[in-house]
Amino acid sequence: MTRTDTRVGPVEARPALVPARPFWTSRRRDHLTGYLFIAPQLIGSAVFVILPLILVVWYSLHEWNVLAGTFEFVGTDNYAALAEDPNLGSVLRATGLFSVGLVVFNLALALLLAVLLHQKLRGTIVFRTLFFSPVVVSLVAWTIVWGFLLQDNGGVNGLLDTVGVDGPNWLRGDGTAMLSVIVVQVFKNVGLNMVLFLAALQGVPGELYEAAEVDGASRLRQFWRITVPLISPTILLTSIITVVGSLQVFAQIAVLTQGGPGTSTTVLVYYLYQQAFQFHHFGYGATLSIVLFAIVLALTVLQWQMRKRWVFHES
Amino acid sequence: MSRDLSPRTKLVLYGVLLVLAIPFVFPTWWMVTSSLKPVSDIFAFPPQLLPVNPRLDAYQRVFELQPFGQQYLNSLYIALVVTVGTLAVSALAGYAFARIRFRGQNVLFLVVLAGLLIPSEVTIVPLFQMFFKLGLVNTHWPLILVPILGAPSVLATFIMRQFFISLPGELEEAARVDGLGRFATFWKIALPLSRPALGAVAIFTFLHSWNLYLEPIVFLSSPEKFTLPQALTQFVDAYGGPMWDVQLAAASMTALPVLVVFVIAQKQFVEGLAHTGLKG
């Protein structure tokens, strides 16, 4: 590249500005090209992410009932109503229960499956495909089938009956409804975390185990002292993805339990949907959106902090 | 971990894997076989693992009760448009953030990344109002525009940026020596090299759109506009109870084509989705 070349160039090779240059220097061209390239994404973010985020704050300060045609500024009334909402405790409990249950079951099962598939066995690729397959099954289709299986006279209780166990009415029982929703979601997506763990396990050097073997460490001890610390970045990554995903659960609740029995499976997003789009309280729906946003933000910050302390190394 | 195992251990491991596979495989099996059973056999005891009197009645009724063909087309064309649109937007933005220097780059990247922190459920109320004011409620526009330009495409942009950063700089220098401009370099050099990343983004974008449920039920109200996930829940009798055989037939038709593609291209799916670390 010569010094008079005005075509675009890499940063390092760019010469200092020479007074006699034409207006469209390679630097100016680069700026323009850069802006043009990111324009769709940037304008899209402004219109469909930033603007709605500002609007959701603005709406939360209004009493807004579409059916009644009212839209008036009420200050922090919606937040006061939130504090007094008799359902709030139950909604937050259901949300927390679902998230914790999902993360624990999901990560434990994903790790177990990954360790099993990491063994020297023929045909593990077939099992990997089987365990992964629900990920690509349409979420609502998967949920409908499980709803069918979990009916009082459905397939699960049918199978339990053949071994002499009288199964409960899974989706109508107080504790079993939440358990059912969690389990359905775990089997749907555990394959993703399993694959991430599998990749992490393949990165653990085999010599470490050989050395531990020589020292007489048991398999279990090797797992806790070698495997877990070495794959801790992946454990953190999967837990972040799973927790944030768990807060967005909606279709499973809408199809399986409609938030019931009572409000035992009414998680935050489902409650938000009910308030805004079934009861037409848009102002209050916006307030609940902010609660959801605050929780996601707090969790993200928390996990960044944990990353510094807990994780063995950063890849 | 991967050490040689005794035959006995292997046998135990196979047993464990087979038992563990049941909750992953049985639902799909049960969905397809039950959809072929007459209603009277659906809850038969003991359960029929294979339909005793297979029939296709339920499949016929799917199309009688809902404009299911239209709904299928809706889902398919929306997912395809969203996939192509997302690829275009995210490849351009990802390339610029990775390979071009321009003023305010880092700040603008952070602005875009904010979308990763904001689940689409947070903005569903204002988005509904925005599209309502534009007269675009009960059209497919919200289901197309928001994923391509809004929060869902941010992850795609991030993945594309990470990929383009990893490309060696010599390639672009060679392109420049050949007299290619920025766009030509992007189009002829960088893009063809980024096929694995584009493939991963295409797969998860398609699945995301195909599975979308909250947005369709918020934005769409007439059956001929519905997408598949929404249509699946509409097969109910006069009392609101699900018509299981018909629902399962519709669910089978929704799930099986994607499953078949997955089995054929499972390597691309598994690696693509795992590397993007995304849930559906």
# chains A, B, ... in the order shown; residues from 1 in each chain; ligands from 1
$ residues_around --residues "segment 135-137 of chain B" --least-positions-apart "4" --cutoff "9 Å" --atoms "only C-alpha atoms" --output "PyMOL selection string"
chain B and resi 128-131+141-142+218-221
$ residues_around --residues "Gln274 of chain A" --least-positions-apart "4" --cutoff "12 Å" --atoms "only C-alpha atoms" --output "list in words"
Phe250, Ile253, Ala254, Gln258, Gly259, Thr263, Thr266, Val267, Leu268, Val269, Tyr270, Gln278, Phe279, His280, His281, Phe282, Tyr284, Gly285, Ala286 and Leu288 of chain A; Val125, Leu214, Ile217 and Val218 of chain B
$ write_last_selection --atoms "C-alpha atoms" --output "JSON list (two decimals), in the first residue's frame"
[["chain", "number", "residue", "atom", "x", "y", "z"],
["A", 250, "PHE", "CA", -43.87, -18.61, 29.76],
["A", 253, "ILE", "CA", -46.79, -22.38, 32.25],
["A", 254, "ALA", "CA", -49.43, -21.14, 29.80],
["A", 258, "GLN", "CA", -52.14, -21.61, 33.44],
["A", 259, "GLY", "CA", -50.37, -20.53, 36.62],
["A", 263, "THR", "CA", -51.20, -19.21, 41.93],
["A", 266, "THR", "CA", -47.73, -18.14, 38.39],
["A", 267, "VAL", "CA", -44.19, -16.97, 37.66],
["A", 268, "LEU", "CA", -43.34, -13.33, 37.01],
["A", 269, "VAL", "CA", -43.60, -13.35, 33.20],
["A", 270, "TYR", "CA", -46.92, -15.19, 33.31],
["A", 278, "GLN", "CA", -55.66, -10.43, 30.00],
["A", 279, "PHE", "CA", -56.71, -7.77, 32.55],
["A", 280, "HIS", "CA", -55.50, -4.85, 30.38],
["A", 281, "HIS", "CA", -53.60, -3.12, 33.22],
["A", 282, "PHE", "CA", -50.79, -1.88, 31.03],
["A", 284, "TYR", "CA", -49.12, -2.28, 36.19],
["A", 285, "GLY", "CA", -47.79, -4.66, 33.54],
["A", 286, "ALA", "CA", -45.03, -2.14, 32.83],
["A", 288, "LEU", "CA", -43.90, -5.78, 36.65],
["B", 125, "VAL", "CA", -45.85, -4.02, 26.82],
["B", 214, "LEU", "CA", -45.51, -15.09, 23.85],
["B", 217, "ILE", "CA", -50.31, -14.67, 21.27],
["B", 218, "VAL", "CA", -49.84, -11.02, 22.20]]
$ interface_residues --of "chain B" --to "chain A" --cutoff "6 Å" --atoms "only C-alpha atoms" --output "VMD selection string"
chain B and resid 2 24 31 92 to 93 96 100 102 122 to 123 126 149 to 150 211 229 251 255 274
$ write_last_selection --atoms "C-alpha atoms" --output "PDB file, in the first residue's frame"
ATOM      1  CA  SER B   2     -11.692 -41.462  29.392  1.00  0.00           C
ATOM      2  CA  PHE B  24     -35.897 -37.714  26.158  1.00  0.00           C
ATOM      3  CA  MET B  31     -46.738 -38.051  20.605  1.00  0.00           C
ATOM      4  CA  LEU B  92     -22.656  -6.471   8.726  1.00  0.00           C
ATOM      5  CA  ALA B  93     -22.644  -5.158  12.274  1.00  0.00           C
ATOM      6  CA  ALA B  96     -17.822  -3.563  11.416  1.00  0.00           C
ATOM      7  CA  ILE B 100     -13.339  -1.533  10.993  1.00  0.00           C
ATOM      8  CA  PHE B 102     -14.561   4.208  13.571  1.00  0.00           C
ATOM      9  CA  VAL B 122     -39.448  -6.779  29.634  1.00  0.00           C
ATOM     10  CA  THR B 123     -40.314  -4.725  26.563  1.00  0.00           C
ATOM     11  CA  PRO B 126     -44.343  -0.949  25.084  1.00  0.00           C
ATOM     12  CA  LEU B 149     -33.529  -5.556  14.439  1.00  0.00           C
ATOM     13  CA  GLY B 150     -34.162  -5.804  18.183  1.00  0.00           C
ATOM     14  CA  ASN B 211     -40.729 -21.630  18.758  1.00  0.00           C
ATOM     15  CA  PRO B 229     -47.078 -22.887  18.451  1.00  0.00           C
ATOM     16  CA  ALA B 251     -47.723 -31.272  17.322  1.00  0.00           C
ATOM     17  CA  ALA B 255     -41.948 -31.234  15.486  1.00  0.00           C
ATOM     18  CA  ALA B 274     -23.407 -25.280  21.811  1.00  0.00           C
TER      19      ALA B 274
END
$ select_by_dssp --residues "segment 203-265 of chain B" --states "alpha helix (DSSP H)" --output "mmCIF file with C-alpha atoms, in the first residue's frame"
data_model
loop_
_atom_site.group_PDB
_atom_site.id
_atom_site.type_symbol
_atom_site.label_atom_id
_atom_site.label_comp_id
_atom_site.auth_asym_id
_atom_site.auth_seq_id
_atom_site.Cartn_x
_atom_site.Cartn_y
_atom_site.Cartn_z
ATOM 1 C CA ILE B 203 -29.931 -22.556 13.119
ATOM 2 C CA PHE B 204 -30.632 -20.826 16.395
ATOM 3 C CA THR B 205 -32.429 -17.925 14.744
ATOM 4 C CA PHE B 206 -34.716 -20.262 12.827
ATOM 5 C CA LEU B 207 -35.489 -22.323 15.939
ATOM 6 C CA HIS B 208 -36.080 -19.190 18.006
ATOM 7 C CA SER B 209 -38.581 -17.837 15.516
ATOM 8 C CA TRP B 210 -40.230 -21.244 14.980
ATOM 9 C CA ASN B 211 -40.729 -21.630 18.758
ATOM 10 C CA LEU B 214 -45.512 -15.093 23.850
ATOM 11 C CA GLU B 215 -45.164 -12.627 20.955
ATOM 12 C CA PRO B 216 -47.625 -14.368 18.612
ATOM 13 C CA ILE B 217 -50.310 -14.671 21.272
ATOM 14 C CA VAL B 218 -49.840 -11.019 22.203
ATOM 15 C CA PHE B 219 -49.800 -9.655 18.647
ATOM 16 C CA LEU B 228 -47.768 -23.007 14.680
ATOM 17 C CA PRO B 229 -47.078 -22.887 18.451
ATOM 18 C CA GLN B 230 -50.139 -20.720 18.877
ATOM 19 C CA ALA B 231 -52.252 -22.901 16.568
ATOM 20 C CA LEU B 232 -51.342 -26.063 18.498
ATOM 21 C CA TRP B 244 -55.709 -34.818 22.408
ATOM 22 C CA ASP B 245 -55.576 -36.842 19.202
ATOM 23 C CA VAL B 246 -55.839 -33.708 17.038
ATOM 24 C CA GLN B 247 -53.401 -31.702 19.194
ATOM 25 C CA LEU B 248 -50.859 -34.508 19.063
ATOM 26 C CA ALA B 249 -51.252 -34.865 15.297
ATOM 27 C CA ALA B 250 -50.635 -31.138 14.860
ATOM 28 C CA ALA B 251 -47.723 -31.272 17.322
ATOM 29 C CA SER B 252 -46.212 -34.198 15.396
ATOM 30 C CA MET B 253 -46.432 -32.275 12.128
ATOM 31 C CA THR B 254 -44.749 -29.298 13.818
ATOM 32 C CA ALA B 255 -41.948 -31.234 15.486
ATOM 33 C CA LEU B 256 -41.057 -34.024 13.077
ATOM 34 C CA PRO B 257 -39.664 -32.053 10.093
ATOM 35 C CA VAL B 258 -37.226 -30.180 12.350
ATOM 36 C CA LEU B 259 -36.281 -33.443 14.074
ATOM 37 C CA VAL B 260 -35.540 -35.057 10.715
ATOM 38 C CA VAL B 261 -33.324 -32.153 9.662
ATOM 39 C CA PHE B 262 -31.620 -32.368 13.050
ATOM 40 C CA VAL B 263 -30.861 -36.075 12.710
ATOM 41 C CA ILE B 264 -29.371 -35.489 9.247
#
$ atom_distance --atom1 "atom CA of Phe158 of chain B" --atom2 "atom CA of Gly94 of chain B"
6.4 Å
$ residues_around --residues "Ile240 of chain A" --least-positions-apart "6" --cutoff "12 Å" --atoms "only C-alpha atoms" --output "list in words"
Ser99, Val100, Val103, Leu107, Asn193, Pro233, Thr234, Ser246, Leu247, Val296, Leu297, Ala298, Leu299, Thr300, Val301, Leu302, Gln303, Trp304, Met306 and Arg307 of chain A; Leu117, Gly277, Leu278 and Lys279 of chain B
$ residues_around --residues "Leu155 of chain B" --least-positions-apart "3" --cutoff "9 Å" --atoms "only C-alpha atoms" --output "list in words"
Ser90, Leu113, Gly115, Leu116, Ala151, Pro152, Phe158, Ile159, Met160, Val201, Thr276 and Leu278 of chain B
$ write_last_selection --atoms "N, CA and C atoms" --output "short mmCIF file (atom, residue, chain, number, x, y, z; two decimals), in the first residue's frame"
data_model
loop_
_atom_site.label_atom_id
_atom_site.label_comp_id
_atom_site.auth_asym_id
_atom_site.auth_seq_id
_atom_site.Cartn_x
_atom_site.Cartn_y
_atom_site.Cartn_z
N SER B 90 -26.65 -9.02 11.35
CA SER B 90 -25.61 -9.36 12.32
C SER B 90 -24.26 -9.53 11.66
N LEU B 113 -24.99 -4.00 22.83
CA LEU B 113 -24.92 -5.15 23.75
C LEU B 113 -25.96 -5.08 24.86
N GLY B 115 -28.87 -4.90 24.63
CA GLY B 115 -29.97 -5.77 24.26
C GLY B 115 -29.85 -7.16 24.85
N LEU B 116 -28.62 -7.59 25.14
CA LEU B 116 -28.43 -8.92 25.73
C LEU B 116 -28.96 -8.98 27.15
N ALA B 151 -33.63 -7.00 20.21
CA ALA B 151 -32.78 -7.74 21.13
C ALA B 151 -32.34 -9.12 20.60
N PRO B 152 -33.24 -9.92 19.96
CA PRO B 152 -32.79 -11.26 19.57
C PRO B 152 -31.60 -11.28 18.62
N PHE B 158 -23.09 -10.39 18.24
CA PHE B 158 -21.98 -10.69 19.13
C PHE B 158 -21.19 -11.91 18.63
N ILE B 159 -21.92 -12.95 18.23
CA ILE B 159 -21.27 -14.17 17.75
C ILE B 159 -20.48 -13.88 16.46
N MET B 160 -21.09 -13.11 15.56
CA MET B 160 -20.41 -12.79 14.30
C MET B 160 -19.15 -11.96 14.57
N VAL B 201 -25.66 -19.26 13.58
CA VAL B 201 -26.63 -18.19 13.76
C VAL B 201 -27.94 -18.54 13.05
N THR B 276 -22.83 -21.27 20.44
CA THR B 276 -23.49 -19.99 20.69
C THR B 276 -24.05 -19.96 22.10
N LEU B 278 -26.77 -21.02 23.56
CA LEU B 278 -28.07 -20.37 23.63
C LEU B 278 -29.16 -21.38 23.88
#
$ residues_around --residues "Ile165 of chain B" --least-positions-apart "6" --cutoff "9 Å" --atoms "only C-alpha atoms" --output "compact mmCIF listing (two decimals) with N, CA and C atoms, in the first residue's frame"
# COMPACT_ATOMS: atom_id res chain seq x y z
N TYR B 95 -19.11 -7.58 11.53
CA TYR B 95 -17.89 -7.31 10.78
C TYR B 95 -17.36 -5.91 11.11
N PHE B 97 -17.88 -4.06 13.80
CA PHE B 97 -17.37 -3.97 15.17
C PHE B 97 -16.03 -4.70 15.32
N ALA B 98 -15.82 -5.73 14.48
CA ALA B 98 -14.58 -6.51 14.61
C ALA B 98 -13.43 -5.93 13.79
N ARG B 99 -13.70 -5.47 12.57
CA ARG B 99 -12.62 -5.21 11.63
C ARG B 99 -12.47 -3.77 11.18
$ decode --residues "segment 206-313 of chain A" --atoms "C-alpha atoms" --output "PDB file, in the first residue's frame"
ATOM      1  CA  GLY A 206      -5.653 -36.721  30.982  1.00  0.00           C
ATOM      2  CA  GLU A 207      -2.279 -36.636  32.756  1.00  0.00           C
ATOM      3  CA  LEU A 208      -3.920 -34.974  35.746  1.00  0.00           C
ATOM      4  CA  TYR A 209      -6.046 -38.068  36.317  1.00  0.00           C
ATOM      5  CA  GLU A 210      -3.084 -40.371  35.794  1.00  0.00           C
ATOM      6  CA  ALA A 211      -1.125 -38.464  38.426  1.00  0.00           C
ATOM      7  CA  ALA A 212      -4.086 -38.596  40.807  1.00  0.00           C
ATOM      8  CA  GLU A 213      -4.444 -42.319  40.161  1.00  0.00           C
ATOM      9  CA  VAL A 214      -0.800 -42.843  41.124  1.00  0.00           C
ATOM     10  CA  ASP A 215      -1.474 -40.909  44.333  1.00  0.00           C
ATOM     11  CA  GLY A 216      -4.340 -43.299  45.031  1.00  0.00           C
ATOM     12  CA  ALA A 217      -7.188 -40.763  44.779  1.00  0.00           C
ATOM     13  CA  SER A 218     -10.621 -42.322  44.263  1.00  0.00           C
ATOM     14  CA  ARG A 219     -12.694 -41.600  41.151  1.00  0.00           C
ATOM     15  CA  LEU A 220     -15.105 -39.496  43.136  1.00  0.00           C
ATOM     16  CA  ARG A 221     -12.305 -37.528  44.732  1.00  0.00           C
ATOM     17  CA  GLN A 222     -10.730 -36.964  41.304  1.00  0.00           C
ATOM     18  CA  PHE A 223     -14.060 -35.667  40.053  1.00  0.00           C
ATOM     19  CA  TRP A 224     -14.422 -33.118  42.861  1.00  0.00           C
ATOM     20  CA  ARG A 225     -10.776 -32.084  43.079  1.00  0.00           C
ATOM     21  CA  ILE A 226      -9.770 -32.097  39.404  1.00  0.00           C
ATOM     22  CA  THR A 227     -12.781 -32.106  37.085  1.00  0.00           C
ATOM     23  CA  VAL A 228     -15.045 -29.638  38.872  1.00  0.00           C
ATOM     24  CA  PRO A 229     -12.402 -26.918  39.409  1.00  0.00           C
ATOM     25  CA  LEU A 230     -11.142 -27.216  35.841  1.00  0.00           C
ATOM     26  CA  ILE A 231     -14.577 -26.919  34.281  1.00  0.00           C
ATOM     27  CA  SER A 232     -15.786 -24.228  36.691  1.00  0.00           C
ATOM     28  CA  PRO A 233     -15.868 -21.527  33.968  1.00  0.00           C
ATOM     29  CA  THR A 234     -18.340 -23.702  32.063  1.00  0.00           C
ATOM     30  CA  ILE A 235     -20.371 -24.324  35.218  1.00  0.00           C
ATOM     31  CA  LEU A 236     -20.654 -20.570  35.687  1.00  0.00           C
ATOM     32  CA  LEU A 237     -21.514 -19.952  32.020  1.00  0.00           C
ATOM     33  CA  THR A 238     -24.230 -22.611  31.974  1.00  0.00           C
ATOM     34  CA  SER A 239     -25.672 -21.379  35.261  1.00  0.00           C
ATOM     35  CA  ILE A 240     -25.914 -17.833  33.871  1.00  0.00           C
ATOM     36  CA  ILE A 241     -27.639 -19.002  30.693  1.00  0.00           C
ATOM     37  CA  THR A 242     -29.969 -21.282  32.637  1.00  0.00           C
ATOM     38  CA  VAL A 243     -30.947 -18.757  35.309  1.00  0.00           C
ATOM     39  CA  VAL A 244     -31.655 -15.959  32.839  1.00  0.00           C
ATOM     40  CA  GLY A 245     -33.564 -18.409  30.628  1.00  0.00           C
ATOM     41  CA  SER A 246     -35.563 -19.663  33.605  1.00  0.00           C
ATOM     42  CA  LEU A 247     -36.836 -16.160  34.330  1.00  0.00           C
ATOM     43  CA  GLN A 248     -38.341 -16.021  30.845  1.00  0.00           C
ATOM     44  CA  VAL A 249     -40.406 -19.199  31.166  1.00  0.00           C
ATOM     45  CA  PHE A 250     -43.871 -18.608  29.760  1.00  0.00           C
ATOM     46  CA  ALA A 251     -45.158 -21.114  27.194  1.00  0.00           C
ATOM     47  CA  GLN A 252     -44.733 -24.089  29.533  1.00  0.00           C
ATOM     48  CA  ILE A 253     -46.789 -22.385  32.246  1.00  0.00           C
ATOM     49  CA  ALA A 254     -49.431 -21.144  29.803  1.00  0.00           C
ATOM     50  CA  VAL A 255     -49.906 -24.583  28.278  1.00  0.00           C
ATOM     51  CA  LEU A 256     -49.443 -26.879  31.295  1.00  0.00           C
ATOM     52  CA  THR A 257     -50.919 -25.142  34.338  1.00  0.00           C
ATOM     53  CA  GLN A 258     -52.137 -21.614  33.443  1.00  0.00           C
ATOM     54  CA  GLY A 259     -50.375 -20.531  36.618  1.00  0.00           C
ATOM     55  CA  GLY A 260     -52.314 -22.945  38.831  1.00  0.00           C
ATOM     56  CA  PRO A 261     -53.350 -24.656  40.929  1.00  0.00           C
ATOM     57  CA  GLY A 262     -54.167 -21.415  42.728  1.00  0.00           C
ATOM     58  CA  THR A 263     -51.199 -19.206  41.926  1.00  0.00           C
ATOM     59  CA  SER A 264     -48.596 -21.869  42.725  1.00  0.00           C
ATOM     60  CA  THR A 265     -46.995 -21.789  39.252  1.00  0.00           C
ATOM     61  CA  THR A 266     -47.733 -18.141  38.389  1.00  0.00           C
ATOM     62  CA  VAL A 267     -44.193 -16.970  37.656  1.00  0.00           C
ATOM     63  CA  LEU A 268     -43.337 -13.334  37.009  1.00  0.00           C
ATOM     64  CA  VAL A 269     -43.597 -13.347  33.196  1.00  0.00           C
ATOM     65  CA  TYR A 270     -46.915 -15.187  33.312  1.00  0.00           C
ATOM     66  CA  TYR A 271     -48.255 -12.718  35.900  1.00  0.00           C
ATOM     67  CA  LEU A 272     -47.013  -9.837  33.731  1.00  0.00           C
ATOM     68  CA  TYR A 273     -48.843 -11.324  30.748  1.00  0.00           C
ATOM     69  CA  GLN A 274     -52.048 -11.758  32.756  1.00  0.00           C
ATOM     70  CA  GLN A 275     -51.985  -8.203  34.129  1.00  0.00           C
ATOM     71  CA  ALA A 276     -51.152  -6.499  30.835  1.00  0.00           C
ATOM     72  CA  PHE A 277     -52.840  -8.619  28.194  1.00  0.00           C
ATOM     73  CA  GLN A 278     -55.658 -10.428  29.999  1.00  0.00           C
ATOM     74  CA  PHE A 279     -56.706  -7.765  32.551  1.00  0.00           C
ATOM     75  CA  HIS A 280     -55.497  -4.850  30.381  1.00  0.00           C
ATOM     76  CA  HIS A 281     -53.603  -3.117  33.220  1.00  0.00           C
ATOM     77  CA  PHE A 282     -50.792  -1.877  31.026  1.00  0.00           C
ATOM     78  CA  GLY A 283     -49.373   0.486  33.633  1.00  0.00           C
ATOM     79  CA  TYR A 284     -49.116  -2.276  36.194  1.00  0.00           C
ATOM     80  CA  GLY A 285     -47.792  -4.664  33.541  1.00  0.00           C
ATOM     81  CA  ALA A 286     -45.029  -2.145  32.833  1.00  0.00           C
ATOM     82  CA  THR A 287     -44.235  -1.982  36.557  1.00  0.00           C
ATOM     83  CA  LEU A 288     -43.898  -5.776  36.653  1.00  0.00           C
ATOM     84  CA  SER A 289     -41.627  -5.568  33.581  1.00  0.00           C
ATOM     85  CA  ILE A 290     -39.325  -3.309  35.569  1.00  0.00           C
ATOM     86  CA  VAL A 291     -39.266  -5.825  38.420  1.00  0.00           C
ATOM     87  CA  LEU A 292     -38.228  -8.492  35.899  1.00  0.00           C
ATOM     88  CA  PHE A 293     -35.556  -6.222  34.440  1.00  0.00           C
ATOM     89  CA  ALA A 294     -34.215  -5.393  37.913  1.00  0.00           C
ATOM     90  CA  ILE A 295     -33.940  -9.093  38.780  1.00  0.00           C
ATOM     91  CA  VAL A 296     -32.101  -9.923  35.537  1.00  0.00           C
ATOM     92  CA  LEU A 297     -29.758  -6.980  36.032  1.00  0.00           C
ATOM     93  CA  ALA A 298     -29.036  -7.876  39.669  1.00  0.00           C
ATOM     94  CA  LEU A 299     -28.324 -11.502  38.751  1.00  0.00           C
ATOM     95  CA  THR A 300     -25.980 -10.469  35.953  1.00  0.00           C
ATOM     96  CA  VAL A 301     -24.010  -8.188  38.252  1.00  0.00           C
ATOM     97  CA  LEU A 302     -23.906 -10.872  40.942  1.00  0.00           C
ATOM     98  CA  GLN A 303     -22.611 -13.448  38.498  1.00  0.00           C
ATOM     99  CA  TRP A 304     -19.900 -11.097  37.283  1.00  0.00           C
ATOM    100  CA  GLN A 305     -18.780 -10.698  40.865  1.00  0.00           C
ATOM    101  CA  MET A 306     -18.806 -14.448  41.439  1.00  0.00           C
ATOM    102  CA  ARG A 307     -16.778 -14.957  38.332  1.00  0.00           C
ATOM    103  CA  LYS A 308     -13.898 -13.047  39.872  1.00  0.00           C
ATOM    104  CA  ARG A 309     -13.877 -15.028  43.103  1.00  0.00           C
ATOM    105  CA  TRP A 310     -15.097 -18.490  42.428  1.00  0.00           C
ATOM    106  CA  VAL A 311     -13.972 -19.546  39.020  1.00  0.00           C
ATOM    107  CA  PHE A 312     -10.688 -21.426  38.927  1.00  0.00           C
ATOM    108  CA  HIS A 313      -9.373 -19.834  35.730  1.00  0.00           C
TER     109      HIS A 313
END
